[in-house]
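Participant: I have a structure I would like to understand better, so I am pasting it below and will then ask my questions one at a time.
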Amino acid sequence: MQRPIFRFRNLRLDPATRQLWRDGERVALPLKSFDCLTYLIEHRDRAVGRDELVAAVWGRVEVSDKLLGQTLLRARRAIGDAGGEHASIRTLPRFGYHWEEPVEIEMPIVEPATRTPAPEANGLEPPVAAAPPGPIAVEAPSPAAPPHSRTRISRRVKFAVAALLLLALGAAALVHRWPARPADAPASQEGHLVLVLPVSGAGSGEESWIRLGAMDYLASRLRKANGLHVLPSEQTVALLGHDSTADQRGESDLHRFEQMTGASYILAPRIAHSGDSWNATLDVYHDRGTQSFEAQAAAPLQAMAQVANRFVEKIGLSPGEAPEPPSSPTETLQRIDAALLAGDLEQARALTEAAPAESRRDPAFVIRAARIAFRSGEIDQAERSLQPLDREDAAVPAEVRAQAALGLGGIAVYRQDFAAAERRYGEAITALGEAGAPMLLGKAYMERGVVRGVSQRFDEAMADFGRARVQLELAGDRLGGANLDTNLGLVETLRNRYSEAAAAYERAVAAFARFGVNDNLAIALQGQAYVQRMLVNLDAAQASSERMAGLAEHLRNPLLLRRMALSRAQVMLDRGQLGEASSLVQRHLSGADGSGEDPVFAVLRARVLIEQGRSAEALADADRELDAMERQDSPNSEMYLSEAAGIYVDAALRSDDSARAERFLQRLKHSRQVPQDDARAFIEELATARIAAARGDADAAAHFAKAMALAENRAPRDRVTAGCAFADFLLARKATQDATAVLGRLVPYADRDYDAARTVARLYAALGNDELAGRAQADARRLAGERSR
């Protein structure tokens with residue numbers, strides 16, 4: 001997808017060519033200043049934090065205020081920003097910056113390309129991904145240069161689809177009661193977030209449901225009747241983690257919860273059963289002080305409703321509707337919700353099935369039954385339950401229709417029917433309207449944004465994300481914001497904007513770690529490690545990998561654990577930690593269904609052998625593994641056939657068997673094409689170049705040049721891979737002067753990538769610069785790890 005051109009006043013900014021024009025005259029602007037300007041304009045719908053801007057432009061956060069200030073000053077001067085009241089870039093003290101000026105958007109005209117299309121399919125070993133975090137510091141391509149190919153999705157989509165599925169399953173895609181905020185809610189409390197803790201004092205057995213069920217009732221009542229921002233009960237349970245069954249009411253605990261969530265009020269309810277009555281006490285922690293409210297009633301929920309009323313009256317709000325009578329179906333619903341919050345699906349199912357037939361037809365029961373079925377893996381049953389609610393019917397409230405549409409959207413994502421998912425999320429948004437429940441509306445916008453991003457409609461996806469953030473902030477939903485940042489990281493990766501993706505993942509990881517939501521933290525760390533690998537920031541990727549390892553013992557989802565192992569093994573291989581990688585691969589080599597070897601881990605085993613200098617052994621099962629990869633090659637594959645074929649091409653060439661390498665390449669070229677695999681063209685071209693070089697073919701240099709051109713539109717990692725291969729080819733032919741043209745592309749990575757350091761050392765040695773060659777050789781030795789070469 002082409003990036004839009006921005007017009008404001010008499011200026012025209014083109015992010016694709018990195019050019020700024022005023023009245024038809026090009027304006028000189030340093031690259032970092034241009035990138036700052038572009039990022040602020042692209043995110044003009046919101047304020048941009050100082051650290052976010054630095055991470056997006058520099059790819060790290062340790063940039064001085066002086067350097068940032070000078071960079072922005074040059075940007076301001078270039079656009080004639082006089083500052084003051086009419087500034088285009090407004091400085092927000094102690095936060096960051098905001099683009100203030102109106103902008104017109106123009107889509108570039110793309111001339112048809114006149115090149116021979118390369119077949120799309122799979123890829124070569126050196127892990128390949130997408131384009132760099134921003135265009136590299138070179139002149140814009142001339143008309144004679146190879147045109148940019150359209151953005152295609154690849155292994156980035158494999159990760160995006162996998163993470164989206166895990167988020168849909170782990171974050172309760174089928175939701176319940178996120179009520180709308182009343183239009184007349186007092187503005188004085190609009191910014192206050194309330195955290196309701198589990199109810200203490202309830203006995204075991206028949207009373208055990210009260211702990212979480214009454215907590216959830218109290219939270220839902222406060223949110224619905226009075227318009228307060230109340231943290232969802234699922235997030236409260238996640239916050240308490242392994243201590244969710246313990247009473248944490250000490251001042252240090254309450255202050256810790258306040259710091260973690262940003263809650264203005266922390267409510268700690270207590271209950272006691274005395275004869276025929278229930279005594280409820282609500283301890284309210286606010287501004288380092290505690291105030292208590294008491295009530296007595298014939299049923300626990302009625303008592304909780306009364307103390308809730310006294311609390312909201314105290315802070316100046318309307319107490320809302322009358323308490324539910326003790327015999328209402330509300331108690332049954334709260335018992336079901338308590339079981340769901342505790343993860344007891346069998347108890348939740350039993351309670352649902354034991355309800356009277358009339359109650360089971362109520363939409364609130366239907367939504368819960370569908371949620372239980374979905375979480376139990378009964379996808380068809382969940383769909384059948386929800387479909388009757390997803391229709392225009394006066395008897396079905398708009399919010400229930402929205403909940404049903406959201407649930408059906410989650411089911412469509414599970415089935416990878418993204419067109420259907422987008423339609424369902426759109427139905428939820430329409431049913432809710434702009435005044436709908438902000439948390440529910442934010443979720444609908446966020447998930448529609450993800451499926452639009454996976455479909456490469458990036459502008460629409462980013463617009464949905466912007467709307468989602470507004471709604472989630474209105475709801476005070478910090479974990480929802482962290483989920484949004486995870487999804488933003490996915491889509492920014494698909495857009496080839498790796499620095500922006502890194503910043504989004506960093507925010508998500510920090511939030512999930514603060515709340516202790518380990519499943520979502522693991523997903524965000526996988527995305528972060530992938531982006532760091534593509535940026536050739538292997539130390540950071542190692543840190544992310546180690547954090548994943550620390551989480552493993554707290555996770556139960558086998559799919560998530562497997563994907564974490566895959567991510568960690570790839571980081572280990574990149575860093576030359578071959579023993580650890582081999583051990584991890586071996587532990588996961590058996591397929592999840594016990595039917596044989598997992599083909600993805602079998603291919604990674606071949607990578608380990610190649611790095612150990614055992615290429616012949618790596619080739620032993622190549623055809624069998626390629627057969628397995630070809631059978632599973634699909635849009636949600638963790639590794640496409642292209643990547644596997646590329647690894648075996650590499651092994652064959654290292655074994656001086658160019659004929660076998662050619663067979664692997666031809667197999668790839670004649671295999672079924674998977675549109676989501678955008679690595680294939682690059683991998684095929686680089687493999688063709690390497691095979692031609694091994695044979696001494698005259699057209700090898702031309703193929704390397706094509707591979708280099710393709711790499712320019714991809715991640716830094718791919719530029720390093722192509723550059724090293726091309727430089728080795730040129731040096732082998734004594735074309736030292738030609739090889740120097742490649743040197744500048746590799747030097748920035750020589751202190752963090754083994755292959756880059758090794759090639760740079762050879763280049764400097766060929767040029768006779770022993771000092772620089774020695775430095776590069778030292779880097780190569782430091783980065784080699786356990787590699788044999």
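Convention: chains lettered A, B, ... in structure tokens order; per-chain residue numbering from 1; ligands numbered from 1 as shown.
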Determine, counting only C-alpha atoms, which protein, DNA and RNA residues have an atom within 8 Å of an atom of region 614-628 of chain A; residues of the same chain fewer than 5 positions away are not included. Present the result as a ChimeraX atom specification.

Facilitator: /A:599,602-603,605-607,609,641,644-645,648,651-652,654-655

Participant: Going by DSSP on the backbone, which bits of region 195-262 of chain A are alpha helix (DSSP H)? Write them as a VMD selection string, please.

Facilitator: chain A and resid 210 to 226 233 to 240 251 to 261

Participant: Export, as a tab-separated table (two decimals), in the first residue's frame, the selected residues with N, CA and C atoms.

Facilitator:
chain	number	residue	atom	x	y	z
A	210	ILE	N	-19.92	-15.93	46.17
A	210	ILE	CA	-20.06	-14.51	46.53
A	210	ILE	C	-18.76	-13.77	46.33
A	211	ARG	N	-17.64	-14.45	46.57
A	211	ARG	CA	-16.34	-13.76	46.51
A	211	ARG	C	-16.15	-13.02	45.19
A	212	LEU	N	-16.32	-13.72	44.08
A	212	LEU	CA	-16.15	-13.09	42.78
A	212	LEU	C	-17.47	-12.63	42.18
A	213	GLY	N	-18.55	-13.38	42.46
A	213	GLY	CA	-19.83	-13.02	41.87
A	213	GLY	C	-20.35	-11.69	42.39
A	214	ALA	N	-20.29	-11.47	43.70
A	214	ALA	CA	-20.75	-10.20	44.26
A	214	ALA	C	-19.79	-9.08	43.90
A	215	MET	N	-18.50	-9.37	43.79
A	215	MET	CA	-17.55	-8.37	43.31
A	215	MET	C	-17.94	-7.88	41.92
A	216	ASP	N	-18.23	-8.84	41.05
A	216	ASP	CA	-18.58	-8.48	39.67
A	216	ASP	C	-19.92	-7.74	39.62
A	217	TYR	N	-20.86	-8.13	40.47
A	217	TYR	CA	-22.15	-7.44	40.53
A	217	TYR	C	-21.96	-5.99	40.97
A	218	LEU	N	-21.15	-5.81	42.00
A	218	LEU	CA	-20.90	-4.46	42.51
A	218	LEU	C	-20.24	-3.60	41.44
A	219	ALA	N	-19.23	-4.16	40.75
A	219	ALA	CA	-18.53	-3.42	39.70
A	219	ALA	C	-19.49	-3.06	38.57
A	220	SER	N	-20.29	-4.03	38.14
A	220	SER	CA	-21.22	-3.79	37.03
A	220	SER	C	-22.28	-2.77	37.43
A	221	ARG	N	-22.75	-2.84	38.65
A	221	ARG	CA	-23.78	-1.91	39.12
A	221	ARG	C	-23.25	-0.48	39.15
A	222	LEU	N	-22.05	-0.31	39.69
A	222	LEU	CA	-21.45	1.03	39.74
A	222	LEU	C	-21.26	1.59	38.34
A	223	ARG	N	-20.81	0.73	37.45
A	223	ARG	CA	-20.53	1.18	36.08
A	223	ARG	C	-21.83	1.55	35.35
A	224	LYS	N	-22.85	0.74	35.53
A	224	LYS	CA	-24.09	0.94	34.78
A	224	LYS	C	-24.95	2.05	35.35
A	225	ALA	N	-25.11	2.03	36.66
A	225	ALA	CA	-26.06	2.96	37.26
A	225	ALA	C	-25.50	4.35	37.44
A	226	ASN	N	-24.22	4.48	37.58
A	226	ASN	CA	-23.69	5.76	38.00
A	226	ASN	C	-22.62	6.34	37.09
A	233	SER	N	-13.95	-6.90	35.84
A	233	SER	CA	-13.63	-7.92	36.83
A	233	SER	C	-12.55	-8.88	36.34
A	234	GLU	N	-12.56	-9.19	35.02
A	234	GLU	CA	-11.52	-10.06	34.46
A	234	GLU	C	-10.13	-9.47	34.71
A	235	GLN	N	-10.04	-8.14	34.60
A	235	GLN	CA	-8.75	-7.48	34.79
A	235	GLN	C	-8.37	-7.45	36.27
A	236	THR	N	-9.36	-7.34	37.15
A	236	THR	CA	-9.07	-7.39	38.58
A	236	THR	C	-8.51	-8.75	38.97
A	237	VAL	N	-9.15	-9.82	38.46
A	237	VAL	CA	-8.66	-11.16	38.76
A	237	VAL	C	-7.25	-11.34	38.21
A	238	ALA	N	-6.99	-10.82	36.99
A	238	ALA	CA	-5.65	-10.90	36.41
A	238	ALA	C	-4.65	-10.11	37.25
A	239	LEU	N	-5.08	-8.97	37.77
A	239	LEU	CA	-4.21	-8.13	38.59
A	239	LEU	C	-3.78	-8.86	39.85
A	240	LEU	N	-4.72	-9.56	40.48
A	240	LEU	CA	-4.40	-10.28	41.71
A	240	LEU	C	-3.59	-11.53	41.45
A	251	GLU	N	-2.69	-1.51	53.93
A	251	GLU	CA	-2.50	-0.23	53.25
A	251	GLU	C	-1.45	-0.32	52.16
A	252	SER	N	-0.40	-1.11	52.39
A	252	SER	CA	0.64	-1.24	51.37
A	252	SER	C	0.09	-1.94	50.13
A	253	ASP	N	-0.81	-2.95	50.33
A	253	ASP	CA	-1.43	-3.63	49.19
A	253	ASP	C	-2.31	-2.66	48.40
A	254	LEU	N	-3.13	-1.90	49.14
A	254	LEU	CA	-4.03	-0.97	48.47
A	254	LEU	C	-3.27	0.11	47.71
A	255	HIS	N	-2.19	0.59	48.31
A	255	HIS	CA	-1.39	1.60	47.62
A	255	HIS	C	-0.74	1.01	46.37
A	256	ARG	N	-0.33	-0.26	46.47
A	256	ARG	CA	0.28	-0.92	45.30
A	256	ARG	C	-0.75	-1.04	44.18
A	257	PHE	N	-1.98	-1.44	44.51
A	257	PHE	CA	-3.02	-1.53	43.49
A	257	PHE	C	-3.30	-0.16	42.87
A	258	GLU	N	-3.28	0.86	43.70
A	258	GLU	CA	-3.51	2.22	43.21
A	258	GLU	C	-2.44	2.61	42.19
A	259	GLN	N	-1.18	2.29	42.50
A	259	GLN	CA	-0.09	2.62	41.60
A	259	GLN	C	-0.16	1.81	40.31
A	260	MET	N	-0.56	0.55	40.40
A	260	MET	CA	-0.61	-0.32	39.22
A	260	MET	C	-1.74	0.06	38.27
A	261	THR	N	-2.87	0.44	38.83
A	261	THR	CA	-4.05	0.65	37.99
A	261	THR	C	-4.37	2.12	37.73

Participant: Could you give me, as a PyMOL selection string, the residues within 6 Å of region 683-690 of chain A, counting only C-alpha atoms and dropping anything in the same chain fewer than 2 positions from it?

Facilitator: chain A and resi 123-124+680-681+692-693+700+703-704+707

Participant: Write out the residues from the selection above, keeping N, CA and C atoms, as a short mmCIF file (atom, residue, chain, number, x, y, z; two decimals), in the first residue's frame.

Facilitator:
data_model
loop_
_atom_site.label_atom_id
_atom_site.label_comp_id
_atom_site.auth_asym_id
_atom_site.auth_seq_id
_atom_site.Cartn_x
_atom_site.Cartn_y
_atom_site.Cartn_z
N GLY A 123 10.34 -19.08 1.35
CA GLY A 123 11.56 -18.31 1.48
C GLY A 123 12.81 -19.01 1.88
N LEU A 124 13.87 -18.23 1.89
CA LEU A 124 15.23 -18.71 2.12
C LEU A 124 15.59 -18.64 3.59
N ARG A 680 8.87 -14.60 -0.38
CA ARG A 680 9.23 -15.56 -1.42
C ARG A 680 10.04 -14.93 -2.55
N ALA A 681 9.62 -13.79 -3.06
CA ALA A 681 10.33 -13.19 -4.19
C ALA A 681 11.77 -12.89 -3.83
N ALA A 692 23.79 -19.29 -9.03
CA ALA A 692 24.50 -18.84 -10.24
C ALA A 692 25.96 -18.56 -9.94
N ALA A 693 26.21 -17.96 -8.76
CA ALA A 693 27.60 -17.68 -8.38
C ALA A 693 28.38 -18.97 -8.18
N ALA A 700 25.11 -13.96 -12.55
CA ALA A 700 25.03 -13.98 -11.09
C ALA A 700 24.94 -12.56 -10.53
N HIS A 703 21.52 -11.04 -10.78
CA HIS A 703 20.57 -11.58 -9.80
C HIS A 703 20.85 -11.02 -8.41
N PHE A 704 22.13 -10.86 -8.06
CA PHE A 704 22.44 -10.24 -6.76
C PHE A 704 21.90 -8.81 -6.71
N ALA A 707 18.29 -8.96 -6.00
CA ALA A 707 18.05 -9.31 -4.60
C ALA A 707 18.30 -8.11 -3.69
#

Participant: Could you tell me how far CA of Leu494 (chain A) lies from CA of Lys669 (chain A), in Å and to one decimal?

Facilitator: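 Separation of CA of Leu494 (chain A) and CA of Lys669 (chain A): 24.2 Å.
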
Participant: Can you tell me, as an NGL selection string, which residues in region 208-352 of chain A count as strand (DSSP E or B) by DSSP?

Facilitator: :A and (229-230 or 265-274 or 277-286 or 289-297)

Participant: Could you please take those selected residues and save N, CA and C atoms as an mmCIF file, in the first residue's frame?

Facilitator:
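Final output, part-v9.cif:
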data_model
loop_
_atom_site.group_PDB
_atom_site.id
_atom_site.type_symbol
_atom_site.label_atom_id
_atom_site.label_comp_id
_atom_site.auth_asym_id
_atom_site.auth_seq_id
_atom_site.Cartn_x
_atom_site.Cartn_y
_atom_site.Cartn_z
ATOM 1 N N HIS A 229 -16.015 4.943 35.953
ATOM 2 C CA HIS A 229 -15.137 4.056 35.199
ATOM 3 C C HIS A 229 -14.670 2.962 36.151
ATOM 4 N N VAL A 230 -15.104 1.747 35.909
ATOM 5 C CA VAL A 230 -14.810 0.640 36.816
ATOM 6 C C VAL A 230 -13.992 -0.402 36.065
ATOM 7 N N TYR A 265 -10.373 5.306 43.364
ATOM 8 C CA TYR A 265 -11.061 4.661 44.475
ATOM 9 C C TYR A 265 -10.812 3.157 44.401
ATOM 10 N N ILE A 266 -10.413 2.581 45.537
ATOM 11 C CA ILE A 266 -10.294 1.126 45.635
ATOM 12 C C ILE A 266 -11.318 0.657 46.647
ATOM 13 N N LEU A 267 -12.235 -0.210 46.197
ATOM 14 C CA LEU A 267 -13.341 -0.674 47.030
ATOM 15 C C LEU A 267 -13.063 -2.098 47.488
ATOM 16 N N ALA A 268 -13.044 -2.286 48.795
ATOM 17 C CA ALA A 268 -12.788 -3.602 49.383
ATOM 18 C C ALA A 268 -14.040 -4.045 50.130
ATOM 19 N N PRO A 269 -14.936 -4.791 49.476
ATOM 20 C CA PRO A 269 -16.181 -5.203 50.125
ATOM 21 C C PRO A 269 -15.991 -6.405 51.055
ATOM 22 N N ARG A 270 -16.809 -6.429 52.126
ATOM 23 C CA ARG A 270 -16.821 -7.549 53.066
ATOM 24 C C ARG A 270 -18.269 -7.986 53.272
ATOM 25 N N ILE A 271 -18.451 -9.252 53.601
ATOM 26 C CA ILE A 271 -19.812 -9.780 53.803
ATOM 27 C C ILE A 271 -19.804 -10.705 55.017
ATOM 28 N N ALA A 272 -20.904 -10.709 55.750
ATOM 29 C CA ALA A 272 -21.060 -11.626 56.879
ATOM 30 C C ALA A 272 -22.511 -12.068 56.932
ATOM 31 N N HIS A 273 -22.739 -13.368 57.141
ATOM 32 C CA HIS A 273 -24.085 -13.939 57.187
ATOM 33 C C HIS A 273 -24.458 -14.155 58.649
ATOM 34 N N SER A 274 -25.531 -13.518 59.048
ATOM 35 C CA SER A 274 -25.967 -13.631 60.432
ATOM 36 C C SER A 274 -27.464 -13.944 60.452
ATOM 37 N N SER A 277 -30.106 -12.604 57.717
ATOM 38 C CA SER A 277 -29.668 -11.373 57.057
ATOM 39 C C SER A 277 -28.197 -11.442 56.676
ATOM 40 N N TRP A 278 -27.861 -10.552 55.778
ATOM 41 C CA TRP A 278 -26.478 -10.413 55.308
ATOM 42 C C TRP A 278 -26.008 -9.003 55.632
ATOM 43 N N ASN A 279 -24.849 -8.924 56.247
ATOM 44 C CA ASN A 279 -24.267 -7.630 56.608
ATOM 45 C C ASN A 279 -23.103 -7.339 55.649
ATOM 46 N N ALA A 280 -23.230 -6.249 54.909
ATOM 47 C CA ALA A 280 -22.191 -5.869 53.954
ATOM 48 C C ALA A 280 -21.470 -4.626 54.439
ATOM 49 N N THR A 281 -20.159 -4.625 54.262
ATOM 50 C CA THR A 281 -19.328 -3.456 54.579
ATOM 51 C C THR A 281 -18.484 -3.145 53.360
ATOM 52 N N LEU A 282 -18.410 -1.878 53.016
ATOM 53 C CA LEU A 282 -17.602 -1.448 51.870
ATOM 54 C C LEU A 282 -16.537 -0.483 52.363
ATOM 55 N N ASP A 283 -15.288 -0.940 52.375
ATOM 56 C CA ASP A 283 -14.161 -0.080 52.743
ATOM 57 C C ASP A 283 -13.648 0.596 51.478
ATOM 58 N N VAL A 284 -13.658 1.911 51.471
ATOM 59 C CA VAL A 284 -13.273 2.684 50.285
ATOM 60 C C VAL A 284 -11.948 3.383 50.554
ATOM 61 N N TYR A 285 -10.927 3.007 49.777
ATOM 62 C CA TYR A 285 -9.595 3.592 49.907
ATOM 63 C C TYR A 285 -9.463 4.689 48.870
ATOM 64 N N HIS A 286 -9.212 5.902 49.328
ATOM 65 C CA HIS A 286 -9.137 7.054 48.417
ATOM 66 C C HIS A 286 -8.208 8.102 49.021
ATOM 67 N N GLY A 289 -6.628 7.606 52.399
ATOM 68 C CA GLY A 289 -7.518 7.459 53.544
ATOM 69 C C GLY A 289 -8.558 6.404 53.267
ATOM 70 N N THR A 290 -9.215 5.893 54.323
ATOM 71 C CA THR A 290 -10.230 4.860 54.166
ATOM 72 C C THR A 290 -11.514 5.271 54.863
ATOM 73 N N GLN A 291 -12.641 5.068 54.173
ATOM 74 C CA GLN A 291 -13.949 5.319 54.742
ATOM 75 C C GLN A 291 -14.807 4.088 54.519
ATOM 76 N N SER A 292 -15.661 3.751 55.502
ATOM 77 C CA SER A 292 -16.453 2.526 55.412
ATOM 78 C C SER A 292 -17.944 2.838 55.360
ATOM 79 N N PHE A 293 -18.667 1.974 54.617
ATOM 80 C CA PHE A 293 -20.119 2.074 54.498
ATOM 81 C C PHE A 293 -20.704 0.706 54.825
ATOM 82 N N GLU A 294 -21.868 0.693 55.511
ATOM 83 C CA GLU A 294 -22.464 -0.571 55.941
ATOM 84 C C GLU A 294 -23.918 -0.648 55.530
ATOM 85 N N ALA A 295 -24.406 -1.888 55.343
ATOM 86 C CA ALA A 295 -25.812 -2.117 55.031
ATOM 87 C C ALA A 295 -26.167 -3.534 55.430
ATOM 88 N N GLN A 296 -27.481 -3.746 55.641
ATOM 89 C CA GLN A 296 -27.976 -5.082 55.996
ATOM 90 C C GLN A 296 -29.185 -5.386 55.122
ATOM 91 N N ALA A 297 -29.264 -6.617 54.607
ATOM 92 C CA ALA A 297 -30.382 -6.996 53.745
ATOM 93 C C ALA A 297 -30.588 -8.499 53.826
#

Participant: Residues near Arg762 (chain A), anyone? I mean within 9 Å using only C-alpha atoms, not counting same-chain ones fewer than 5 positions away, as a ChimeraX atom specification.

Facilitator: /A:728,731,757,767,773,776-777

Participant: Just write the chosen residues, C-alpha atoms, as a PDB file, in the first residue's frame.

Facilitator:
ATOM      1  CA  ASP A 728      31.248 -12.345  -0.663  1.00  0.00           C
ATOM      2  CA  LEU A 731      35.353 -10.402  -3.140  1.00  0.00           C
ATOM      3  CA  ALA A 757      31.079  -8.248  11.007  1.00  0.00           C
ATOM      4  CA  LEU A 767      41.187  -2.808   0.849  1.00  0.00           C
ATOM      5  CA  ALA A 773      39.749  -5.156   9.462  1.00  0.00           C
ATOM      6  CA  ALA A 776      35.636  -6.034  12.501  1.00  0.00           C
ATOM      7  CA  GLN A 777      37.346  -9.387  13.132  1.00  0.00           C
TER       8      GLN A 777
END

Participant: Choose the residue, out of A:Thr740, A:Ser208, A:Gln334, A:Gln347, that has the smallest atom-to-atom separation from Ala364 (chain A); count only C-alpha atoms.

Facilitator: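 Looking only at the distances to Ala364 (chain A), the closest residue turns out to be A:Gln334.
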